[in-house]
$ cat final31.txt   # compact mmCIF, C-alpha atoms and all ligand atoms
# COMPACT_ATOMS: atom_id res chain seq x y z
CA MET A 27 -4.41 97.28 -57.88
CA THR A 28 -2.66 94.79 -60.15
CA LEU A 29 -4.19 91.42 -60.87
CA SER A 30 -1.97 88.46 -61.53
CA ARG A 31 -2.76 86.25 -64.52
CA ARG A 32 -3.57 83.44 -62.05
CA GLN A 33 -6.03 85.62 -60.13
CA LEU A 34 -7.65 86.73 -63.35
CA PHE A 35 -8.42 83.20 -64.43
CA SER A 36 -9.16 81.71 -61.01
CA GLY A 37 -12.22 83.77 -60.30
CA ALA A 38 -10.36 85.60 -57.60
CA ALA A 39 -10.55 88.69 -59.79
CA ALA A 40 -14.24 89.27 -59.09
CA SER A 41 -13.79 89.19 -55.33
CA ALA A 42 -10.57 91.22 -55.56
CA LEU A 43 -12.48 93.88 -57.48
CA SER A 44 -15.55 93.54 -55.22
CA LEU A 45 -17.75 92.94 -58.25
CA PRO A 46 -21.34 91.88 -57.54
CA ARG A 47 -22.18 88.31 -58.38
CA ILE A 48 -24.06 88.27 -61.65
CA ALA A 49 -26.87 85.79 -62.25
CA VAL A 50 -26.36 83.93 -65.52
CA ALA A 51 -29.48 82.68 -67.28
CA LYS A 52 -29.47 79.09 -68.41
CA ALA A 53 -29.91 78.65 -72.15
CA PRO A 54 -29.04 76.06 -74.79
CA LEU A 55 -25.98 76.74 -76.91
CA ALA A 56 -27.03 78.53 -80.09
CA SER A 57 -24.48 76.56 -82.17
CA ILE A 58 -24.77 78.73 -85.30
CA SER A 59 -24.34 82.44 -85.87
CA LEU A 60 -27.14 84.67 -87.07
CA PRO A 61 -26.96 85.67 -90.73
CA GLY A 62 -23.92 87.84 -91.29
CA VAL A 63 -24.85 91.45 -92.03
CA VAL A 64 -22.54 94.37 -91.27
CA ARG A 65 -23.11 97.83 -92.75
CA ARG A 66 -20.90 100.84 -93.18
CA ARG A 67 -21.04 104.10 -95.07
CA ILE A 68 -18.65 105.03 -97.85
CA GLY A 69 -19.66 108.66 -98.21
CA SER A 70 -23.33 108.53 -99.12
CA VAL A 71 -23.19 104.90 -100.25
CA GLU A 72 -24.25 102.27 -97.75
CA VAL A 73 -22.17 99.11 -98.10
CA THR A 74 -23.40 95.93 -96.45
CA ALA A 75 -21.12 92.91 -96.15
CA LEU A 76 -23.09 89.68 -96.52
CA LEU A 77 -21.68 86.35 -95.44
CA ASP A 78 -22.55 83.38 -97.67
CA GLY A 79 -20.64 80.88 -95.52
CA TYR A 80 -17.18 79.40 -95.63
CA MET A 81 -15.12 76.70 -97.28
CA GLU A 82 -11.91 74.92 -96.46
CA MET A 83 -8.83 75.88 -98.48
CA PRO A 84 -5.98 73.70 -97.23
CA ALA A 85 -2.37 74.92 -97.44
CA GLU A 86 -1.66 72.23 -100.08
CA LEU A 87 -4.05 74.04 -102.45
CA PHE A 88 -1.56 76.93 -102.43
CA SER A 89 1.53 74.70 -102.73
CA ALA A 90 2.60 76.28 -99.45
CA PRO A 91 5.54 74.48 -97.80
CA SER A 92 3.98 72.82 -94.75
CA ALA A 93 6.56 74.15 -92.26
CA VAL A 94 5.94 77.75 -93.35
CA ALA A 95 2.16 77.23 -93.46
CA GLU A 96 2.29 75.82 -89.95
CA LYS A 97 4.35 78.76 -88.70
CA LEU A 98 1.81 81.20 -90.19
CA SER A 99 -1.05 79.28 -88.58
CA VAL A 100 0.65 79.57 -85.19
CA GLN A 101 1.20 83.31 -85.74
CA ALA A 102 -2.51 83.65 -86.56
CA PHE A 103 -3.49 81.59 -83.46
CA LYS A 104 -4.93 78.90 -85.73
CA GLU A 105 -2.53 76.05 -85.07
CA GLY A 106 -4.07 72.65 -85.75
CA GLN A 107 -7.18 74.21 -87.24
CA PRO A 108 -8.31 73.82 -90.85
CA ASN A 109 -7.66 76.75 -93.22
CA LEU A 110 -11.15 78.15 -93.64
CA SER A 111 -12.02 80.97 -96.00
CA PRO A 112 -15.29 82.88 -95.96
CA VAL A 113 -17.33 83.68 -99.04
CA ASN A 114 -18.65 87.24 -98.97
CA SER A 115 -20.89 89.37 -101.14
CA PHE A 116 -21.61 93.07 -100.84
CA LEU A 117 -24.80 95.04 -101.15
CA LEU A 118 -24.36 98.61 -102.36
CA ASN A 119 -27.20 101.02 -101.70
CA LEU A 120 -26.43 103.86 -104.10
CA GLY A 121 -29.48 105.82 -102.98
CA ASP A 122 -31.49 105.23 -106.13
CA ARG A 123 -30.63 101.58 -106.67
CA LEU A 124 -29.53 98.40 -104.92
CA ILE A 125 -26.52 96.54 -106.31
CA LEU A 126 -25.29 93.12 -105.29
CA VAL A 127 -21.56 92.59 -105.86
CA ASP A 128 -21.29 88.84 -106.50
CA ALA A 129 -23.88 86.33 -105.45
CA GLY A 130 -22.53 83.45 -103.44
CA ALA A 131 -21.90 79.76 -103.90
CA ALA A 132 -25.35 78.19 -103.34
CA ASN A 133 -24.66 74.43 -103.08
CA SER A 134 -21.64 74.39 -105.40
CA PHE A 135 -19.07 73.79 -102.63
CA GLY A 136 -21.04 72.00 -99.93
CA PRO A 137 -23.41 72.76 -97.07
CA THR A 138 -21.25 75.35 -95.27
CA LEU A 139 -22.17 77.86 -97.99
CA GLY A 140 -25.40 79.12 -99.55
CA LYS A 141 -26.47 81.46 -96.75
CA LEU A 142 -26.65 84.62 -98.90
CA PRO A 143 -30.47 84.48 -99.26
CA GLN A 144 -30.81 84.39 -95.44
CA ALA A 145 -28.35 87.28 -95.09
CA LEU A 146 -30.33 89.31 -97.63
CA GLU A 147 -33.59 88.48 -95.88
CA ALA A 148 -32.13 89.45 -92.51
CA ASN A 149 -31.11 92.69 -94.20
CA GLY A 150 -34.73 93.30 -95.21
CA VAL A 151 -33.99 93.01 -98.93
CA SER A 152 -36.03 90.85 -101.28
CA ALA A 153 -34.68 89.43 -104.54
CA ASP A 154 -36.93 91.64 -106.69
CA GLN A 155 -35.38 94.78 -105.17
CA ILE A 156 -31.92 94.08 -106.60
CA ASP A 157 -31.34 96.28 -109.65
CA ALA A 158 -28.01 94.81 -110.75
CA ILE A 159 -25.55 92.07 -109.92
CA LEU A 160 -22.03 93.31 -110.42
CA VAL A 161 -19.88 90.24 -111.08
CA THR A 162 -16.17 90.16 -110.25
CA HIS A 163 -15.64 86.91 -112.18
CA MET A 164 -17.77 83.92 -113.07
CA HIS A 165 -16.51 81.31 -110.60
CA PRO A 166 -19.22 79.23 -108.87
CA ASP A 167 -18.73 80.83 -105.44
CA HIS A 168 -19.55 84.23 -106.98
CA ILE A 169 -22.52 83.59 -109.25
CA SER A 170 -24.30 80.40 -108.20
CA GLU A 171 -27.02 82.11 -106.22
CA THR A 172 -28.08 84.16 -109.25
CA ILE A 173 -30.06 81.10 -110.40
CA ASP A 174 -32.28 78.51 -108.72
CA ALA A 175 -32.06 74.71 -109.01
CA ASN A 176 -33.96 74.86 -112.32
CA GLY A 177 -31.60 77.41 -113.82
CA ASN A 178 -34.08 80.29 -113.53
CA ALA A 179 -33.05 83.81 -112.53
CA VAL A 180 -33.42 84.39 -108.78
CA PHE A 181 -33.33 88.18 -109.16
CA PRO A 182 -36.22 89.01 -111.53
CA ASN A 183 -35.35 92.68 -112.05
CA ALA A 184 -31.57 92.55 -111.97
CA GLU A 185 -29.20 93.36 -114.79
CA LEU A 186 -26.12 91.11 -114.83
CA ILE A 187 -22.96 93.19 -115.25
CA VAL A 188 -20.02 90.98 -116.25
CA PRO A 189 -16.40 91.62 -117.31
CA GLU A 190 -16.40 90.79 -121.02
CA LEU A 191 -13.23 88.65 -121.22
CA ASP A 192 -14.49 86.54 -118.34
CA PHE A 193 -17.81 86.09 -120.12
CA SER A 194 -16.09 85.00 -123.32
CA TYR A 195 -13.59 82.73 -121.54
CA TRP A 196 -16.31 80.73 -119.77
CA HIS A 197 -18.19 80.43 -123.08
CA ASP A 198 -15.10 79.27 -124.98
CA ASP A 199 -15.52 75.57 -125.89
CA ALA A 200 -11.79 75.14 -126.57
CA ALA A 201 -10.92 76.52 -123.12
CA MET A 202 -13.46 74.18 -121.54
CA ALA A 203 -12.07 71.18 -123.44
CA ALA A 204 -8.53 72.09 -122.31
CA ALA A 205 -9.51 72.57 -118.65
CA PRO A 206 -8.96 69.79 -116.11
CA ASN A 207 -12.11 67.72 -115.52
CA ALA A 208 -12.48 69.10 -112.00
CA LEU A 209 -12.84 72.62 -113.43
CA LYS A 210 -15.30 71.83 -116.24
CA PRO A 211 -18.33 72.43 -113.97
CA PHE A 212 -17.06 76.01 -113.57
CA PHE A 213 -17.76 76.52 -117.30
CA THR A 214 -21.18 74.88 -117.09
CA GLY A 215 -22.14 76.98 -114.07
CA ALA A 216 -21.05 80.25 -115.69
CA ARG A 217 -23.03 79.42 -118.83
CA LEU A 218 -26.17 78.54 -116.87
CA ALA A 219 -26.08 81.84 -114.97
CA ALA A 220 -25.39 83.83 -118.13
CA LYS A 221 -28.27 82.09 -119.92
CA ALA A 222 -30.77 82.98 -117.20
CA TYR A 223 -29.90 86.68 -117.58
CA ALA A 224 -29.23 86.62 -121.35
CA LYS A 225 -31.74 89.38 -122.11
CA ARG A 226 -30.39 91.69 -119.43
CA THR A 227 -26.63 91.21 -119.39
CA THR A 228 -24.18 94.07 -119.80
CA GLN A 229 -20.55 93.30 -120.56
CA ILE A 230 -17.97 95.75 -119.33
CA SER A 231 -14.30 96.13 -120.17
CA GLY A 232 -11.22 97.77 -118.73
CA GLU A 233 -11.30 100.62 -116.23
CA ALA A 234 -14.62 102.40 -116.43
CA GLU A 235 -17.36 103.93 -114.32
CA VAL A 236 -19.78 101.01 -114.47
CA LEU A 237 -22.35 102.56 -112.13
CA PRO A 238 -22.46 106.05 -110.58
CA GLY A 239 -19.50 106.14 -108.17
CA VAL A 240 -18.38 102.59 -108.97
CA ARG A 241 -15.31 102.03 -111.13
CA SER A 242 -14.09 98.71 -112.46
CA MET A 243 -10.45 97.74 -112.11
CA PRO A 244 -9.20 94.74 -114.11
CA LEU A 245 -7.20 92.37 -111.88
CA PRO A 246 -6.49 89.52 -114.31
CA GLY A 247 -4.89 86.17 -113.56
CA HIS A 248 -7.22 84.38 -111.18
CA THR A 249 -9.55 84.39 -114.19
CA PRO A 250 -8.89 86.18 -117.50
CA ASP A 251 -10.99 89.23 -116.59
CA HIS A 252 -11.14 88.98 -112.79
CA THR A 253 -12.22 92.52 -111.82
CA GLY A 254 -12.29 94.62 -108.67
CA TYR A 255 -14.59 97.57 -108.05
CA ILE A 256 -13.76 100.86 -106.37
CA VAL A 257 -16.71 102.54 -104.69
CA THR A 258 -16.14 106.29 -104.23
CA SER A 259 -18.39 108.87 -102.64
CA GLY A 260 -17.11 112.26 -101.53
CA ASP A 261 -13.72 111.75 -99.86
CA ALA A 262 -14.38 108.10 -99.02
CA SER A 263 -13.62 105.01 -101.06
CA LEU A 264 -13.64 101.25 -100.75
CA PHE A 265 -11.62 98.91 -102.95
CA ILE A 266 -13.54 95.64 -103.35
CA TRP A 267 -10.71 93.50 -104.67
CA ALA A 268 -12.68 90.28 -105.20
CA ASP A 269 -10.34 87.25 -105.07
CA ILE A 270 -6.93 88.92 -104.75
CA ILE A 271 -6.65 86.90 -101.53
CA HIS A 272 -8.27 83.48 -100.97
CA ASN A 273 -6.65 82.80 -97.64
CA ALA A 274 -5.51 85.76 -95.56
CA THR A 275 -3.37 83.69 -93.20
CA LEU A 276 -1.21 82.28 -95.98
CA GLN A 277 -1.28 84.67 -98.92
CA LEU A 278 -0.80 88.03 -97.22
CA ALA A 279 2.55 86.80 -95.94
CA HIS A 280 3.29 85.08 -99.25
CA PRO A 281 1.54 86.78 -102.20
CA GLU A 282 3.48 84.46 -104.50
CA TRP A 283 1.26 81.59 -103.32
CA GLY A 284 -1.85 81.19 -105.46
CA PRO A 285 -4.64 78.62 -105.40
CA ALA A 286 -4.32 75.70 -107.81
CA PHE A 287 -7.36 76.90 -109.79
CA ASP A 288 -5.89 80.26 -110.92
CA VAL A 289 -6.32 80.34 -114.70
CA ASP A 290 -2.99 82.14 -115.24
CA PRO A 291 -0.94 81.60 -112.05
CA ALA A 292 2.00 83.86 -112.99
CA GLN A 293 -0.26 86.73 -114.00
CA ALA A 294 -2.29 86.26 -110.80
CA VAL A 295 0.85 86.57 -108.64
CA GLY A 296 1.83 89.84 -110.34
CA THR A 297 -1.70 91.22 -110.00
CA ARG A 298 -1.90 90.21 -106.34
CA GLN A 299 1.41 91.87 -105.55
CA ARG A 300 0.36 95.08 -107.35
CA ALA A 301 -3.06 95.21 -105.66
CA LEU A 302 -1.49 94.71 -102.22
CA ASP A 303 1.18 97.35 -102.91
CA MET A 304 -1.48 99.78 -104.11
CA ALA A 305 -3.70 99.16 -101.06
CA ALA A 306 -0.80 99.52 -98.59
CA SER A 307 0.90 102.54 -100.14
CA ASN A 308 -2.35 104.48 -100.67
CA ARG A 309 -3.83 103.43 -97.30
CA LEU A 310 -6.94 102.19 -99.11
CA LEU A 311 -9.88 100.71 -97.31
CA VAL A 312 -10.25 97.27 -98.87
CA ALA A 313 -12.75 94.43 -98.83
CA GLY A 314 -12.51 91.00 -100.40
CA MET A 315 -14.74 88.07 -101.15
CA HIS A 316 -12.54 85.72 -99.11
CA MET A 317 -11.16 88.11 -96.49
CA PRO A 318 -12.15 87.49 -92.86
CA PHE A 319 -15.76 88.62 -92.39
CA PRO A 320 -16.88 91.45 -92.25
CA THR A 321 -13.81 91.91 -94.45
CA VAL A 322 -13.33 95.68 -94.46
CA GLY A 323 -9.86 96.81 -93.35
CA HIS A 324 -6.44 98.08 -94.34
CA ILE A 325 -3.29 96.44 -95.68
CA VAL A 326 0.11 97.15 -94.17
CA THR A 327 3.56 96.03 -95.25
CA ARG A 328 5.32 93.58 -92.94
CA THR A 329 8.79 92.06 -92.92
CA GLU A 330 7.20 88.94 -94.36
CA GLY A 331 4.80 90.20 -97.04
CA PHE A 332 1.71 92.08 -95.86
CA GLY A 333 -0.61 92.27 -92.87
CA TYR A 334 -4.31 93.00 -92.46
CA VAL A 335 -5.72 95.49 -89.97
CA PRO A 336 -9.50 95.02 -89.71
CA ALA A 337 -11.52 98.23 -89.61
CA GLU A 338 -13.35 98.75 -86.37
CA TRP A 339 -17.02 98.04 -86.12
CA PRO A 340 -18.92 101.08 -87.46
CA TYR A 341 -20.88 102.33 -84.43
CA HIS A 342 -22.61 105.07 -86.40
CA LEU A 343 -23.62 105.23 -90.02
ZN ZN A 401 -13.82 83.07 -105.07

$ encode --input "final31.txt" --output "structure tokens"
Amino acid sequence: MTLSRRQLFSGAAASALSLPRIAVAKAPLASISLPGVVRRRIGSVEVTALLDGYMEMPAELFSAPSAVAEKLSVQAFKEGQPNLSPVNSFLLNLGDRLILVDAGAANSFGPTLGKLPQALEANGVSADQIDAILVTHMHPDHISETIDANGNAVFPNAELIVPELDFSYWHDDAAMAAAPNALKPFFTGARLAAKAYAKRTTQISGEAEVLPGVRSMPLPGHTPDHTGYIVTSGDASLFIWADIIHNATLQLAHPEWGPAFDVDPAQAVGTRQRALDMAASNRLLVAGMHMPFPTVGHIVTRTEGFGYVPAEWPYHL
């Protein structure tokens, strides 16, 4: 039997298929989602995507021509909607230790963010269980939840692992003086977080195995030492590319579009193009801090730039 589109939406489908009438319980609308927690295995490593919330990144922030941005929104079934980007962190359970990759925005970009503590709690993880915070770069949406409102460390037993050129850039007074006023709080925030973990900070540089099975990959441009991490276990790997993409709808099609707050825009474009090429040509499983939650998926080449194919929900771990 073939159902017409009209039948399908008119309710005639149920009677045409002789489906029993189903009682629907009355309940108030829940309005908000439960804390975002999605796990998957990369070999023997359990990776949990944690949703901190979302923020708006309008097309103007990327200097995207409005006609093209609008066309991409239509293609993504988002016409007339704001360009929202999630903020994600990842929890790596390496078997003998728990690692948090980045630590959310707290209240640095408004009330739609700052949900990482709830996501961790829903995941059954308390702050004192985190052994290390692996930082991709020291922007506020990646480190703000490492400290509380008084500037004290939230994770009492965690080592802070930071790319060294990022650490030095955010501590450089001349760079802070030269930065636009709107970006000066980025320097203050990075310094506050670093101060809280001063006695247990490790600076890393270049490509290196920073933890067992976790390699750093410098992806400079967005910040001077913006760094991705490749988690490998057995035959499986996951490329956590941090902020290679801030808005999947716009930048996958046009990797040459970068957000206005890239520290070195030209370098960031080159890095983005290389990371996307590498992911697509090697069929890498990727995850990003601003990719659509739960973020894990593959990159494919398209006539216009690149496309994203989300990985299916992992039924079994
Ligand atoms: Zn970011």

$ residues_near_ligand --input "final31.txt" --ligand "ligand ZN 401 (chain A)" --cutoff "8 Å" --atoms "all atoms listed in the file" --output "number ranges by chain"
A: 113, 165-168, 268-269, 272, 315-316

$ residues_around --input "final31.txt" --residues "segment 331-338 of chain A" --least-positions-apart "6" --cutoff "6 Å" --atoms "all atoms listed in the file" --output "NGL selection string"
:A and (278-280 or 322-325)

$ atom_distance --input "final31.txt" --atom1 "atom CA of Met81 of chain A" --atom2 "atom CA of Pro112 of chain A"
6.3 Å

$ residues_near_point --input "final31.txt" --point "(-0.1, 88.0, -86.1)" --cutoff "12 Å" --atoms "all atoms listed in the file" --output "list in words"
Lys97, Leu98, Ser99, Val100, Gln101, Ala102, Phe103, Lys104, Ala274, Thr275, Leu276, Leu278, Ala279, Arg328, Thr329, Glu330, Phe332, Gly333, Tyr334 and Val335 of chain A

$ residues_around --input "final31.txt" --residues "Val73 of chain A" --least-positions-apart "3" --cutoff "10 Å" --atoms "only C-alpha atoms" --output "ChimeraX atom specification"
/A:64-70,76,116-120,125-126,257,264

$ decode --input "final31.txt" --residues "segment 61-156 of chain A" --atoms "C-alpha atoms" --output "PDB file, in the first residue's frame"
ATOM      1  CA  PRO A  61      22.038  17.549  30.472  1.00  0.00           C
ATOM      2  CA  GLY A  62      23.826  16.509  27.309  1.00  0.00           C
ATOM      3  CA  VAL A  63      25.844  13.332  27.795  1.00  0.00           C
ATOM      4  CA  VAL A  64      26.652  10.949  24.936  1.00  0.00           C
ATOM      5  CA  ARG A  65      29.331   8.269  25.246  1.00  0.00           C
ATOM      6  CA  ARG A  66      31.230   6.224  22.726  1.00  0.00           C
ATOM      7  CA  ARG A  67      34.254   3.969  22.733  1.00  0.00           C
ATOM      8  CA  ILE A  68      37.455   4.725  20.865  1.00  0.00           C
ATOM      9  CA  GLY A  69      39.137   1.364  21.340  1.00  0.00           C
ATOM     10  CA  SER A  70      39.429   0.976  25.091  1.00  0.00           C
ATOM     11  CA  VAL A  71      38.986   4.701  25.766  1.00  0.00           C
ATOM     12  CA  GLU A  72      35.514   5.885  26.683  1.00  0.00           C
ATOM     13  CA  VAL A  73      34.803   9.334  25.253  1.00  0.00           C
ATOM     14  CA  THR A  74      31.858  11.294  26.600  1.00  0.00           C
ATOM     15  CA  ALA A  75      30.647  14.411  24.815  1.00  0.00           C
ATOM     16  CA  LEU A  76      29.405  16.999  27.308  1.00  0.00           C
ATOM     17  CA  LEU A  77      27.250  19.918  26.258  1.00  0.00           C
ATOM     18  CA  ASP A  78      27.934  23.216  28.027  1.00  0.00           C
ATOM     19  CA  GLY A  79      25.212  25.100  26.138  1.00  0.00           C
ATOM     20  CA  TYR A  80      25.158  27.261  23.061  1.00  0.00           C
ATOM     21  CA  MET A  81      25.807  30.777  21.844  1.00  0.00           C
ATOM     22  CA  GLU A  82      24.751  32.808  18.857  1.00  0.00           C
ATOM     23  CA  MET A  83      27.363  33.406  16.152  1.00  0.00           C
ATOM     24  CA  PRO A  84      25.711  35.548  13.491  1.00  0.00           C
ATOM     25  CA  ALA A  85      26.864  35.357   9.862  1.00  0.00           C
ATOM     26  CA  GLU A  86      28.238  38.928  10.154  1.00  0.00           C
ATOM     27  CA  LEU A  87      30.807  37.638  12.666  1.00  0.00           C
ATOM     28  CA  PHE A  88      32.297  35.604   9.800  1.00  0.00           C
ATOM     29  CA  SER A  89      32.053  38.425   7.239  1.00  0.00           C
ATOM     30  CA  ALA A  90      29.869  36.026   5.271  1.00  0.00           C
ATOM     31  CA  PRO A  91      28.022  37.706   2.374  1.00  0.00           C
ATOM     32  CA  SER A  92      24.387  37.699   3.505  1.00  0.00           C
ATOM     33  CA  ALA A  93      23.011  36.164   0.280  1.00  0.00           C
ATOM     34  CA  VAL A  94      25.384  33.190   0.539  1.00  0.00           C
ATOM     35  CA  ALA A  95      24.794  32.831   4.292  1.00  0.00           C
ATOM     36  CA  GLU A  96      21.060  32.815   3.657  1.00  0.00           C
ATOM     37  CA  LYS A  97      21.394  30.177   0.939  1.00  0.00           C
ATOM     38  CA  LEU A  98      23.414  27.960   3.310  1.00  0.00           C
ATOM     39  CA  SER A  99      20.804  28.432   6.036  1.00  0.00           C
ATOM     40  CA  VAL A 100      18.086  27.293   3.641  1.00  0.00           C
ATOM     41  CA  GLN A 101      20.179  24.266   2.630  1.00  0.00           C
ATOM     42  CA  ALA A 102      20.584  23.415   6.329  1.00  0.00           C
ATOM     43  CA  PHE A 103      16.815  23.877   6.955  1.00  0.00           C
ATOM     44  CA  LYS A 104      17.574  26.814   9.252  1.00  0.00           C
ATOM     45  CA  GLU A 105      16.123  29.680   7.248  1.00  0.00           C
ATOM     46  CA  GLY A 106      15.151  32.631   9.412  1.00  0.00           C
ATOM     47  CA  GLN A 107      16.739  31.074  12.482  1.00  0.00           C
ATOM     48  CA  PRO A 108      19.691  32.514  14.389  1.00  0.00           C
ATOM     49  CA  ASN A 109      23.118  30.925  13.795  1.00  0.00           C
ATOM     50  CA  LEU A 110      23.624  29.021  17.024  1.00  0.00           C
ATOM     51  CA  SER A 111      26.796  27.178  17.908  1.00  0.00           C
ATOM     52  CA  PRO A 112      27.116  24.692  20.753  1.00  0.00           C
ATOM     53  CA  VAL A 113      29.968  24.662  23.239  1.00  0.00           C
ATOM     54  CA  ASN A 114      31.191  21.131  23.929  1.00  0.00           C
ATOM     55  CA  SER A 115      33.732  19.512  26.202  1.00  0.00           C
ATOM     56  CA  PHE A 116      34.882  15.914  26.244  1.00  0.00           C
ATOM     57  CA  LEU A 117      35.560  13.527  29.074  1.00  0.00           C
ATOM     58  CA  LEU A 118      38.170  10.872  28.338  1.00  0.00           C
ATOM     59  CA  ASN A 119      38.191   7.808  30.552  1.00  0.00           C
ATOM     60  CA  LEU A 120      41.622   6.328  29.863  1.00  0.00           C
ATOM     61  CA  GLY A 121      41.017   3.451  32.260  1.00  0.00           C
ATOM     62  CA  ASP A 122      43.368   4.701  34.951  1.00  0.00           C
ATOM     63  CA  ARG A 123      42.470   8.380  34.819  1.00  0.00           C
ATOM     64  CA  LEU A 124      39.736  10.832  33.892  1.00  0.00           C
ATOM     65  CA  ILE A 125      40.612  13.715  31.575  1.00  0.00           C
ATOM     66  CA  LEU A 126      38.450  16.686  30.726  1.00  0.00           C
ATOM     67  CA  VAL A 127      39.227  18.230  27.321  1.00  0.00           C
ATOM     68  CA  ASP A 128      38.303  21.907  27.792  1.00  0.00           C
ATOM     69  CA  ALA A 129      36.006  23.171  30.479  1.00  0.00           C
ATOM     70  CA  GLY A 130      33.178  25.312  29.210  1.00  0.00           C
ATOM     71  CA  ALA A 131      32.171  28.952  29.285  1.00  0.00           C
ATOM     72  CA  ALA A 132      30.578  29.365  32.742  1.00  0.00           C
ATOM     73  CA  ASN A 133      28.892  32.796  32.626  1.00  0.00           C
ATOM     74  CA  SER A 134      31.358  34.392  30.200  1.00  0.00           C
ATOM     75  CA  PHE A 135      28.941  34.487  27.239  1.00  0.00           C
ATOM     76  CA  GLY A 136      25.515  34.632  28.858  1.00  0.00           C
ATOM     77  CA  PRO A 137      22.946  32.343  30.424  1.00  0.00           C
ATOM     78  CA  THR A 138      22.648  29.836  27.558  1.00  0.00           C
ATOM     79  CA  LEU A 139      26.016  28.380  28.610  1.00  0.00           C
ATOM     80  CA  GLY A 140      27.529  27.099  31.849  1.00  0.00           C
ATOM     81  CA  LYS A 141      25.818  23.701  31.927  1.00  0.00           C
ATOM     82  CA  LEU A 142      29.033  21.628  32.047  1.00  0.00           C
ATOM     83  CA  PRO A 143      28.802  21.009  35.835  1.00  0.00           C
ATOM     84  CA  GLN A 144      25.276  19.584  35.374  1.00  0.00           C
ATOM     85  CA  ALA A 145      26.458  17.421  32.468  1.00  0.00           C
ATOM     86  CA  LEU A 146      29.329  16.088  34.593  1.00  0.00           C
ATOM     87  CA  GLU A 147      26.983  15.439  37.500  1.00  0.00           C
ATOM     88  CA  ALA A 148      24.526  13.634  35.228  1.00  0.00           C
ATOM     89  CA  ASN A 149      27.507  11.593  34.086  1.00  0.00           C
ATOM     90  CA  GLY A 150      28.210  10.598  37.693  1.00  0.00           C
ATOM     91  CA  VAL A 151      31.544  12.412  37.808  1.00  0.00           C
ATOM     92  CA  SER A 152      32.520  14.770  40.612  1.00  0.00           C
ATOM     93  CA  ALA A 153      35.055  17.573  40.215  1.00  0.00           C
ATOM     94  CA  ASP A 154      37.614  15.874  42.480  1.00  0.00           C
ATOM     95  CA  GLN A 155      37.732  12.841  40.169  1.00  0.00           C
ATOM     96  CA  ILE A 156      39.177  14.793  37.241  1.00  0.00           C
TER      97      ILE A 156
END
